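With mmCIF, C-alpha atoms and all ligand atoms inside, this is coords-v3.cif:
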data_work
#
loop_
_atom_site.group_PDB
_atom_site.id
_atom_site.type_symbol
_atom_site.label_atom_id
_atom_site.label_comp_id
_atom_site.auth_asym_id
_atom_site.auth_seq_id
_atom_site.Cartn_x
_atom_site.Cartn_y
_atom_site.Cartn_z
ATOM 1 C CA MET A 26 -77.212 86.578 -41.697
ATOM 2 C CA THR A 27 -76.462 85.075 -38.319
ATOM 3 C CA SER A 28 -73.267 83.051 -37.951
ATOM 4 C CA ILE A 29 -73.049 80.585 -35.076
ATOM 5 C CA ALA A 30 -69.851 78.794 -34.056
ATOM 6 C CA VAL A 31 -70.440 75.385 -32.459
ATOM 7 C CA SER A 32 -67.418 75.033 -30.223
ATOM 8 C CA SER A 33 -66.228 73.532 -26.967
ATOM 9 C CA GLN A 34 -63.217 73.322 -24.761
ATOM 10 C CA LYS A 35 -63.394 69.539 -24.729
ATOM 11 C CA GLY A 36 -63.399 67.051 -27.627
ATOM 12 C CA GLY A 37 -66.011 64.419 -28.420
ATOM 13 C CA VAL A 38 -68.882 66.298 -26.776
ATOM 14 C CA GLY A 39 -71.254 66.175 -29.741
ATOM 15 C CA LYS A 40 -70.360 69.354 -31.685
ATOM 16 C CA THR A 41 -70.455 67.743 -35.115
ATOM 17 C CA THR A 42 -73.628 65.788 -34.364
ATOM 18 C CA LEU A 43 -75.333 68.916 -33.057
ATOM 19 C CA SER A 44 -74.134 71.065 -35.991
ATOM 20 C CA ILE A 45 -75.445 68.655 -38.627
ATOM 21 C CA ASN A 46 -78.838 68.173 -37.007
ATOM 22 C CA LEU A 47 -79.310 71.807 -36.069
ATOM 23 C CA ALA A 48 -78.401 72.913 -39.608
ATOM 24 C CA HIS A 49 -80.999 70.458 -40.868
ATOM 25 C CA ALA A 50 -83.573 71.954 -38.462
ATOM 26 C CA PHE A 51 -82.869 75.523 -39.653
ATOM 27 C CA ALA A 52 -83.059 74.432 -43.287
ATOM 28 C CA ARG A 53 -86.314 72.544 -42.729
ATOM 29 C CA ALA A 54 -87.743 75.701 -41.195
ATOM 30 C CA GLY A 55 -87.111 77.351 -44.559
ATOM 31 C CA LEU A 56 -84.019 79.395 -43.708
ATOM 32 C CA ARG A 57 -81.211 79.381 -46.251
ATOM 33 C CA THR A 58 -78.592 77.582 -44.190
ATOM 34 C CA LEU A 59 -74.895 76.913 -44.677
ATOM 35 C CA LEU A 60 -73.061 74.300 -42.610
ATOM 36 C CA VAL A 61 -69.308 74.897 -42.608
ATOM 37 C CA ASP A 62 -66.835 72.247 -41.530
ATOM 38 C CA ALA A 63 -64.245 74.422 -39.815
ATOM 39 C CA ASP A 64 -62.614 71.394 -38.162
ATOM 40 C CA PRO A 65 -59.396 70.462 -39.987
ATOM 41 C CA GLN A 66 -60.245 66.817 -39.289
ATOM 42 C CA GLY A 67 -63.237 67.284 -41.549
ATOM 43 C CA SER A 68 -65.894 65.554 -39.457
ATOM 44 C CA VAL A 69 -68.988 67.088 -41.034
ATOM 45 C CA GLY A 70 -67.723 66.328 -44.495
ATOM 46 C CA HIS A 71 -66.827 62.827 -43.429
ATOM 47 C CA SER A 72 -70.301 62.235 -42.051
ATOM 48 C CA LEU A 73 -72.249 63.754 -44.897
ATOM 49 C CA THR A 74 -70.261 63.321 -48.090
ATOM 50 C CA ARG A 75 -68.135 60.297 -48.767
ATOM 51 C CA GLN A 76 -65.592 62.083 -50.941
ATOM 52 C CA SER A 77 -65.177 65.081 -48.692
ATOM 53 C CA ARG A 78 -61.373 64.834 -48.818
ATOM 54 C CA LEU A 79 -61.535 65.667 -52.508
ATOM 55 C CA LEU A 80 -63.634 68.766 -51.996
ATOM 56 C CA THR A 81 -62.261 72.265 -51.979
ATOM 57 C CA GLY A 82 -63.288 73.736 -48.654
ATOM 58 C CA PHE A 83 -62.926 76.206 -45.826
ATOM 59 C CA TYR A 84 -59.192 75.753 -45.231
ATOM 60 C CA ASP A 85 -58.482 76.101 -48.958
ATOM 61 C CA PHE A 86 -60.213 79.470 -48.770
ATOM 62 C CA LEU A 87 -58.140 80.476 -45.728
ATOM 63 C CA ALA A 88 -54.999 79.537 -47.668
ATOM 64 C CA ASP A 89 -56.180 81.399 -50.787
ATOM 65 C CA PRO A 90 -59.026 83.868 -50.219
ATOM 66 C CA ARG A 91 -59.254 84.534 -53.961
ATOM 67 C CA LEU A 92 -61.177 81.243 -54.288
ATOM 68 C CA PRO A 93 -64.781 82.062 -55.217
ATOM 69 C CA LEU A 94 -67.409 80.883 -52.715
ATOM 70 C CA GLU A 95 -69.174 79.025 -55.549
ATOM 71 C CA ARG A 96 -66.255 76.597 -55.708
ATOM 72 C CA LEU A 97 -66.785 75.652 -52.062
ATOM 73 C CA LEU A 98 -70.551 75.208 -51.891
ATOM 74 C CA VAL A 99 -71.853 71.627 -51.881
ATOM 75 C CA PRO A 100 -75.603 71.320 -52.426
ATOM 76 C CA THR A 101 -77.696 68.824 -50.426
ATOM 77 C CA ARG A 102 -81.042 67.151 -51.004
ATOM 78 C CA LEU A 103 -82.642 70.043 -49.135
ATOM 79 C CA ALA A 104 -82.766 73.120 -51.351
ATOM 80 C CA THR A 105 -82.260 75.367 -48.315
ATOM 81 C CA LEU A 106 -79.150 73.549 -47.003
ATOM 82 C CA ALA A 107 -75.625 73.714 -48.427
ATOM 83 C CA LEU A 108 -72.289 72.575 -47.025
ATOM 84 C CA VAL A 109 -68.716 73.757 -47.132
ATOM 85 C CA ALA A 110 -66.264 70.927 -46.455
ATOM 86 C CA SER A 111 -63.081 71.322 -44.481
ATOM 87 C CA GLY A 112 -61.032 71.033 -47.637
ATOM 88 C CA GLN A 113 -57.719 69.726 -48.816
ATOM 89 C CA ALA A 114 -55.584 72.428 -47.259
ATOM 90 C CA SER A 115 -56.633 71.474 -43.756
ATOM 91 C CA ASP A 116 -53.001 70.764 -42.813
ATOM 92 C CA TYR A 117 -52.609 74.472 -43.310
ATOM 93 C CA GLU A 118 -54.208 74.872 -39.894
ATOM 94 C CA ALA A 119 -51.013 73.657 -38.215
ATOM 95 C CA GLY A 120 -49.250 76.977 -38.495
ATOM 96 C CA GLY A 121 -52.354 79.120 -38.292
ATOM 97 C CA GLY A 122 -54.712 80.783 -35.921
ATOM 98 C CA GLY A 123 -54.605 83.775 -33.702
ATOM 99 C CA THR A 124 -53.084 85.969 -36.377
ATOM 100 C CA GLY A 125 -54.633 89.011 -37.987
ATOM 101 C CA THR A 126 -54.393 87.411 -41.430
ATOM 102 C CA HIS A 127 -56.549 84.436 -40.527
ATOM 103 C CA LEU A 128 -59.038 86.534 -38.628
ATOM 104 C CA ALA A 129 -59.474 88.815 -41.637
ATOM 105 C CA ARG A 130 -59.893 85.817 -43.949
ATOM 106 C CA VAL A 131 -62.527 84.150 -41.761
ATOM 107 C CA ARG A 132 -64.399 87.467 -41.627
ATOM 108 C CA GLY A 133 -64.053 87.800 -45.406
ATOM 109 C CA PHE A 134 -65.480 84.303 -45.828
ATOM 110 C CA LEU A 135 -68.515 85.133 -43.658
ATOM 111 C CA ARG A 136 -69.133 88.342 -45.633
ATOM 112 C CA LEU A 137 -69.208 86.318 -48.880
ATOM 113 C CA VAL A 138 -71.634 83.839 -47.295
ATOM 114 C CA ALA A 139 -73.923 86.687 -46.210
ATOM 115 C CA ASP A 140 -73.705 88.335 -49.642
ATOM 116 C CA ARG A 141 -74.679 85.022 -51.240
ATOM 117 C CA GLY A 142 -78.032 85.261 -49.413
ATOM 118 C CA PHE A 143 -77.572 82.700 -46.631
ATOM 119 C CA GLU A 144 -79.559 83.507 -43.509
ATOM 120 C CA VAL A 145 -77.831 81.154 -41.078
ATOM 121 C CA CYS A 146 -74.246 79.927 -41.107
ATOM 122 C CA LEU A 147 -73.302 77.197 -38.637
ATOM 123 C CA LEU A 148 -69.591 76.527 -38.188
ATOM 124 C CA ASP A 149 -68.545 73.204 -36.657
ATOM 125 C CA THR A 150 -65.108 73.699 -35.123
ATOM 126 C CA ALA A 151 -62.332 71.558 -33.698
ATOM 127 C CA ALA A 152 -62.212 71.122 -29.909
ATOM 128 C CA GLY A 153 -60.388 73.795 -27.889
ATOM 129 C CA LEU A 154 -60.815 77.550 -28.119
ATOM 130 C CA PHE A 155 -57.486 78.333 -29.782
ATOM 131 C CA GLY A 156 -55.949 78.427 -33.261
ATOM 132 C CA ILE A 157 -58.341 78.834 -36.174
ATOM 133 C CA THR A 158 -61.251 78.005 -33.846
ATOM 134 C CA SER A 159 -60.559 81.187 -31.916
ATOM 135 C CA ASP A 160 -60.559 83.128 -35.201
ATOM 136 C CA VAL A 161 -63.886 81.542 -36.126
ATOM 137 C CA VAL A 162 -65.432 82.395 -32.745
ATOM 138 C CA ALA A 163 -63.935 85.873 -32.892
ATOM 139 C CA SER A 164 -65.654 86.363 -36.273
ATOM 140 C CA ALA A 165 -69.033 84.775 -35.565
ATOM 141 C CA ASP A 166 -72.126 86.501 -34.222
ATOM 142 C CA ALA A 167 -72.747 83.803 -31.645
ATOM 143 C CA ILE A 168 -71.307 80.727 -29.973
ATOM 144 C CA LEU A 169 -73.157 77.574 -28.963
ATOM 145 C CA ILE A 170 -71.343 75.160 -26.665
ATOM 146 C CA PRO A 171 -72.342 71.496 -26.485
ATOM 147 C CA GLN A 172 -71.398 69.910 -23.174
ATOM 148 C CA GLN A 173 -71.389 66.187 -22.641
ATOM 149 C CA ALA A 174 -73.528 65.265 -19.625
ATOM 150 C CA GLU A 175 -70.781 63.536 -17.680
ATOM 151 C CA PRO A 176 -68.731 64.534 -14.623
ATOM 152 C CA LEU A 177 -65.495 65.045 -16.581
ATOM 153 C CA GLY A 178 -67.298 67.449 -18.891
ATOM 154 C CA ILE A 179 -68.260 69.654 -15.953
ATOM 155 C CA ARG A 180 -64.621 69.899 -14.912
ATOM 156 C CA SER A 181 -63.846 71.727 -18.161
ATOM 157 C CA VAL A 182 -66.329 74.542 -17.403
ATOM 158 C CA PRO A 183 -63.873 76.904 -15.623
ATOM 159 C CA LYS A 184 -61.500 76.627 -18.606
ATOM 160 C CA LEU A 185 -64.423 77.247 -20.922
ATOM 161 C CA LEU A 186 -65.244 80.454 -19.035
ATOM 162 C CA GLU A 187 -61.613 81.576 -19.288
ATOM 163 C CA GLY A 188 -61.667 80.929 -23.032
ATOM 164 C CA LEU A 189 -64.953 82.812 -23.467
ATOM 165 C CA THR A 190 -63.599 85.825 -21.588
ATOM 166 C CA ARG A 191 -60.590 85.937 -23.918
ATOM 167 C CA LEU A 192 -62.742 85.535 -27.029
ATOM 168 C CA ARG A 193 -65.139 88.268 -25.956
ATOM 169 C CA ILE A 194 -62.208 90.659 -25.754
ATOM 170 C CA MET A 195 -61.439 89.783 -29.394
ATOM 171 C CA ASN A 196 -65.121 89.938 -30.331
ATOM 172 C CA PRO A 197 -67.145 92.131 -27.942
ATOM 173 C CA ARG A 198 -70.285 91.527 -30.045
ATOM 174 C CA LEU A 199 -70.096 87.774 -29.461
ATOM 175 C CA ASN A 200 -73.488 86.524 -28.308
ATOM 176 C CA VAL A 201 -72.905 83.618 -25.923
ATOM 177 C CA LEU A 202 -76.004 81.541 -26.647
ATOM 178 C CA GLY A 203 -74.836 79.160 -23.978
ATOM 179 C CA VAL A 204 -74.237 75.542 -23.134
ATOM 180 C CA CYS A 205 -76.429 72.744 -24.438
ATOM 181 C CA LEU A 206 -76.167 69.439 -22.582
ATOM 182 C CA SER A 207 -75.672 66.510 -24.932
ATOM 183 C CA MET A 208 -75.757 62.730 -24.548
ATOM 184 C CA VAL A 209 -78.171 63.166 -21.649
ATOM 185 C CA GLN A 210 -79.685 60.017 -20.107
ATOM 186 C CA PRO A 211 -82.791 61.282 -18.321
ATOM 187 C CA GLU A 212 -83.374 57.856 -16.755
ATOM 188 C CA LEU A 213 -80.139 58.222 -14.736
ATOM 189 C CA ALA A 214 -79.954 60.301 -11.561
ATOM 190 C CA GLU A 215 -76.351 61.183 -12.529
ATOM 191 C CA SER A 216 -77.589 63.045 -15.602
ATOM 192 C CA HIS A 217 -79.782 65.248 -13.387
ATOM 193 C CA GLN A 218 -76.917 65.802 -10.930
ATOM 194 C CA ILE A 219 -74.713 66.985 -13.782
ATOM 195 C CA ALA A 220 -77.377 69.384 -15.009
ATOM 196 C CA ALA A 221 -77.661 70.737 -11.449
ATOM 197 C CA ALA A 222 -73.865 71.101 -11.182
ATOM 198 C CA LEU A 223 -73.848 73.068 -14.433
ATOM 199 C CA ARG A 224 -76.536 75.386 -13.072
ATOM 200 C CA GLY A 225 -74.220 76.068 -10.136
ATOM 201 C CA LEU A 226 -71.388 77.129 -12.458
ATOM 202 C CA LEU A 227 -73.032 79.223 -15.163
ATOM 203 C CA PRO A 228 -75.502 82.096 -15.304
ATOM 204 C CA PRO A 229 -78.993 80.681 -15.982
ATOM 205 C CA GLU A 230 -79.308 82.436 -19.358
ATOM 206 C CA TRP A 231 -76.231 80.489 -20.534
ATOM 207 C CA ILE A 232 -77.896 77.088 -20.134
ATOM 208 C CA PHE A 233 -80.259 75.790 -22.788
ATOM 209 C CA GLN A 234 -83.556 74.271 -21.664
ATOM 210 C CA THR A 235 -83.259 71.845 -24.559
ATOM 211 C CA GLN A 236 -81.059 68.825 -23.891
ATOM 212 C CA ILE A 237 -79.872 66.327 -26.494
ATOM 213 C CA PRO A 238 -80.592 62.756 -25.337
ATOM 214 C CA ARG A 239 -78.090 59.941 -25.732
ATOM 215 C CA ASP A 240 -79.459 57.663 -28.424
ATOM 216 C CA PRO A 241 -77.928 54.902 -30.554
ATOM 217 C CA LEU A 242 -79.714 56.336 -33.609
ATOM 218 C CA PHE A 243 -77.005 59.041 -33.755
ATOM 219 C CA LEU A 244 -74.431 56.396 -34.587
ATOM 220 C CA ARG A 245 -76.656 54.961 -37.304
ATOM 221 C CA ALA A 246 -77.243 58.440 -38.720
ATOM 222 C CA SER A 247 -73.541 59.278 -38.908
ATOM 223 C CA ALA A 248 -72.705 55.848 -40.380
ATOM 224 C CA ARG A 249 -75.161 56.598 -43.193
ATOM 225 C CA GLY A 250 -74.129 60.213 -43.567
ATOM 226 C CA LEU A 251 -77.581 61.548 -42.738
ATOM 227 C CA PRO A 252 -79.204 63.915 -40.270
ATOM 228 C CA ILE A 253 -81.168 61.918 -37.701
ATOM 229 C CA GLY A 254 -84.558 63.305 -38.771
ATOM 230 C CA VAL A 255 -84.547 61.362 -42.032
ATOM 231 C CA LEU A 256 -84.048 57.950 -40.368
ATOM 232 C CA ASP A 257 -86.910 55.644 -39.413
ATOM 233 C CA GLY A 258 -87.687 56.451 -35.798
ATOM 234 C CA GLY A 259 -85.687 59.699 -35.963
ATOM 235 C CA ALA A 260 -88.654 62.076 -35.860
ATOM 236 C CA ALA A 261 -88.773 62.280 -32.054
ATOM 237 C CA ILE A 262 -85.114 63.281 -31.819
ATOM 238 C CA GLN A 263 -85.490 65.650 -34.755
ATOM 239 C CA SER A 264 -88.082 67.469 -32.659
ATOM 240 C CA VAL A 265 -85.384 68.101 -30.023
ATOM 241 C CA PHE A 266 -83.376 70.006 -32.626
ATOM 242 C CA GLU A 267 -86.511 71.936 -33.625
ATOM 243 C CA ALA A 268 -86.826 72.967 -29.981
ATOM 244 C CA LEU A 269 -83.145 73.934 -29.874
ATOM 245 C CA ARG A 270 -83.589 76.011 -33.024
ATOM 246 C CA ALA A 271 -86.582 77.809 -31.509
ATOM 247 C CA GLU A 272 -84.621 78.522 -28.329
ATOM 248 C CA ILE A 273 -81.719 79.929 -30.345
ATOM 249 C CA VAL A 274 -84.036 82.163 -32.373
ATOM 250 C CA ALA A 275 -85.541 83.493 -29.116
ATOM 251 C CA LYS A 276 -82.075 84.136 -27.634
ATOM 252 C CA LEU A 277 -80.898 85.921 -30.786
ATOM 253 C CA ALA A 278 -83.911 88.208 -30.559
ATOM 254 C CA GLN A 279 -82.752 89.541 -27.194
ATOM 255 C CA PRO A 280 -78.949 89.728 -27.270
ATOM 256 C CA ALA A 281 -78.870 92.684 -24.898
ATOM 257 C CA ALA A 282 -80.196 90.482 -22.109
ATOM 258 C CA LEU A 283 -77.281 88.075 -22.391
ATOM 259 C CA GLY A 284 -74.118 87.865 -20.335
HETATM 260 N N1 LIG B 301 -76.656 62.394 -28.385
HETATM 261 C C1 LIG B 301 -75.847 61.394 -28.720
HETATM 262 N N2 LIG B 301 -76.171 60.107 -28.440
HETATM 263 C C2 LIG B 301 -75.363 59.095 -28.764
HETATM 264 N N3 LIG B 301 -74.198 59.234 -29.396
HETATM 265 C C3 LIG B 301 -73.808 60.499 -29.693
HETATM 266 C C4 LIG B 301 -74.609 61.637 -29.393
HETATM 267 N N4 LIG B 301 -73.956 62.750 -29.828
HETATM 268 C C5 LIG B 301 -72.819 62.326 -30.376
HETATM 269 N N5 LIG B 301 -72.714 60.984 -30.316
HETATM 270 C C6 LIG B 301 -71.591 60.162 -30.755
HETATM 271 O O1 LIG B 301 -70.460 60.532 -29.978
HETATM 272 C C7 LIG B 301 -69.324 60.636 -30.798
HETATM 273 C C8 LIG B 301 -68.750 62.053 -30.708
HETATM 274 O O2 LIG B 301 -69.703 62.957 -31.240
HETATM 275 P P1 LIG B 301 -69.262 64.162 -32.197
HETATM 276 O O3 LIG B 301 -68.358 63.683 -33.265
HETATM 277 O O4 LIG B 301 -70.511 64.859 -32.588
HETATM 278 O O5 LIG B 301 -68.453 65.041 -31.155
HETATM 279 P P2 LIG B 301 -67.468 66.272 -31.446
HETATM 280 O O6 LIG B 301 -67.598 67.195 -30.292
HETATM 281 O O7 LIG B 301 -67.748 66.834 -32.790
HETATM 282 O O8 LIG B 301 -66.044 65.566 -31.440
HETATM 283 P P3 LIG B 301 -64.638 66.240 -31.853
HETATM 284 O O9 LIG B 301 -64.239 67.122 -30.706
HETATM 285 O O10 LIG B 301 -63.746 65.058 -32.040
HETATM 286 O O11 LIG B 301 -64.884 67.020 -33.122
HETATM 287 C C9 LIG B 301 -69.752 60.235 -32.188
HETATM 288 O O12 LIG B 301 -69.464 58.873 -32.378
HETATM 289 C C10 LIG B 301 -71.243 60.460 -32.194
HETATM 290 O O13 LIG B 301 -71.911 59.586 -33.091
HETATM 291 MG MG MG B 302 -66.459 67.182 -34.407
#
Rewrite the structure from the file as structure tokens, please.
Ligand SMILES: Nc1ncnc2c1ncn2[C@@H]1O[C@H](COP(=O)(O)OP(=O)(O)OP(=O)(O)O)[C@@H](O)[C@H]1O
Ligand SMILES: [Mg+2]
Amino acid sequence: MTSIAVSSQKGGVGKTTLSINLAHAFARAGLRTLLVDADPQGSVGHSLTRQSRLLTGFYDFLADPRLPLERLLVPTRLATLALVASGQASDYEAGGGGTGTHLARVRGFLRLVADRGFEVCLLDTAAGLFGITSDVVASADAILIPQQAEPLGIRSVPKLLEGLTRLRIMNPRLNVLGVCLSMVQPELAESHQIAAALRGLLPPEWIFQTQIPRDPLFLRASARGLPIGVLDGGAAIQSVFEALRAEIVAKLAQPAALG
């Protein structure tokens, strides 16, 4: 199994949107995929299942690792895609993170997910590379970083690099898949300038070719609790996530070449 944390220094950059649609792309490609809401605010659950607050989820497991994985798994309409909600114990996060106990429990969770036969596990995290998020990244095989295509987003890159350096000390095996620009508006020169600025700050292998366009359909999709590919007119954007999936698969095949 490959576990991928979807994380960023900055909030509101499109992590949850990317996680949901990328998980859908992996599942549609036939891989047994688990999407875990590791954000205590429970955004994935909120988008995809109306009663997510009632579900036992990831933070309940961190509070009590005797909980069987079966109790946490929420099936979806796609046989290859399941979810784990954030859970009711998400307040538990307040005191947590950065401790050996939590790290061991996140790793224990991922072992159970692998043993259950999942091939891909995507973990949507809260913004910032600290607390439980740092335990998740320090336990995952890889990290994918969405970056909003706006000037303020670029300013967070040095802090992102600092955070990655710290996390790679905790997890030397961490495969930095790289930064994926989101909410890109190709019709604007500014969007291209931001992409160029990013290329000046990061090694080329850390920047995804695939960019997520800004599109109002994303709002409609999250209002209906659906991945974008199942909406009328969503097929074109779904193909962007297919391309992202293919790029990730190619990067995972050559980890030695990375950073
Ligand atoms: N490509 C896009 N085009 C248009 N709107 C988008 C796009 N991606 C995300 N959004 C919208 O931007 C908002 C923030 O996105 P999202 O919740 O995915 O970010 P996030 O990084 O998970 O935020 P947080 O840090 O709060 O968890 C949402 O309202 C979402 O619908
Ligand atoms: Mg989110």
For this session: Name each residue within 9 Å of ligand MG 302 (chain B), counting all atoms listed in the file, as a PyMOL selection string.
Result: chain A and resi 32+36-42+44+62+64+66-69+149-152
Problem set entry | Separation of CA of Gln34 (chain A) from CA of Val99 (chain A), in Å and rounded to one decimal | 28.5 Å
Might I get the box with edges along x, y and z of the file that holds all atoms of region 28-42 of chain A listed there, padded by 3 Å on every side, given as centre and edge lengths in Å to one decimal, as JSON?
{"center_x": -68.4, "center_y": 73.7, "center_z": -31.3, "size_x": 16.4, "size_y": 24.6, "size_z": 19.2}
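If you look at CA of Ala48 (chain A) and CA of Ser181 (chain A), they are 25.9 Å away from each other.
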Exercise. For ligand LIG 301 (chain B), which residue out of A:Ala110, A:Leu242, A:Ala50, A:Leu269 is the nearest one, using all atoms listed in the file?
Worked result: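 For ligand LIG 301 (chain B), the nearest of the candidates is A:Leu242.
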Exercise. Got a sec to resolve the PyMOL selection byres (((chain A and resi 197-204) around 6) and not hetatm) on this structure and send the residues as a PyMOL selection string?
Worked result: chain A and resi 166-171+193-194+196+205+231-232
Exercise. Looking at A:Val209, A:Leu59, A:Ile253, A:Leu97, which one is nearest to ligand LIG 301 (chain B), with distances taken over all atoms listed in the file?
Worked result: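 The shortest atom-to-atom distance to ligand LIG 301 (chain B) comes from A:Val209.
Proximity of A:Leu177, A:Leu43, A:Ala139, A:Ala220 to Ser28 (chain A), computed with only C-alpha atoms, is greatest for A:Ala139.
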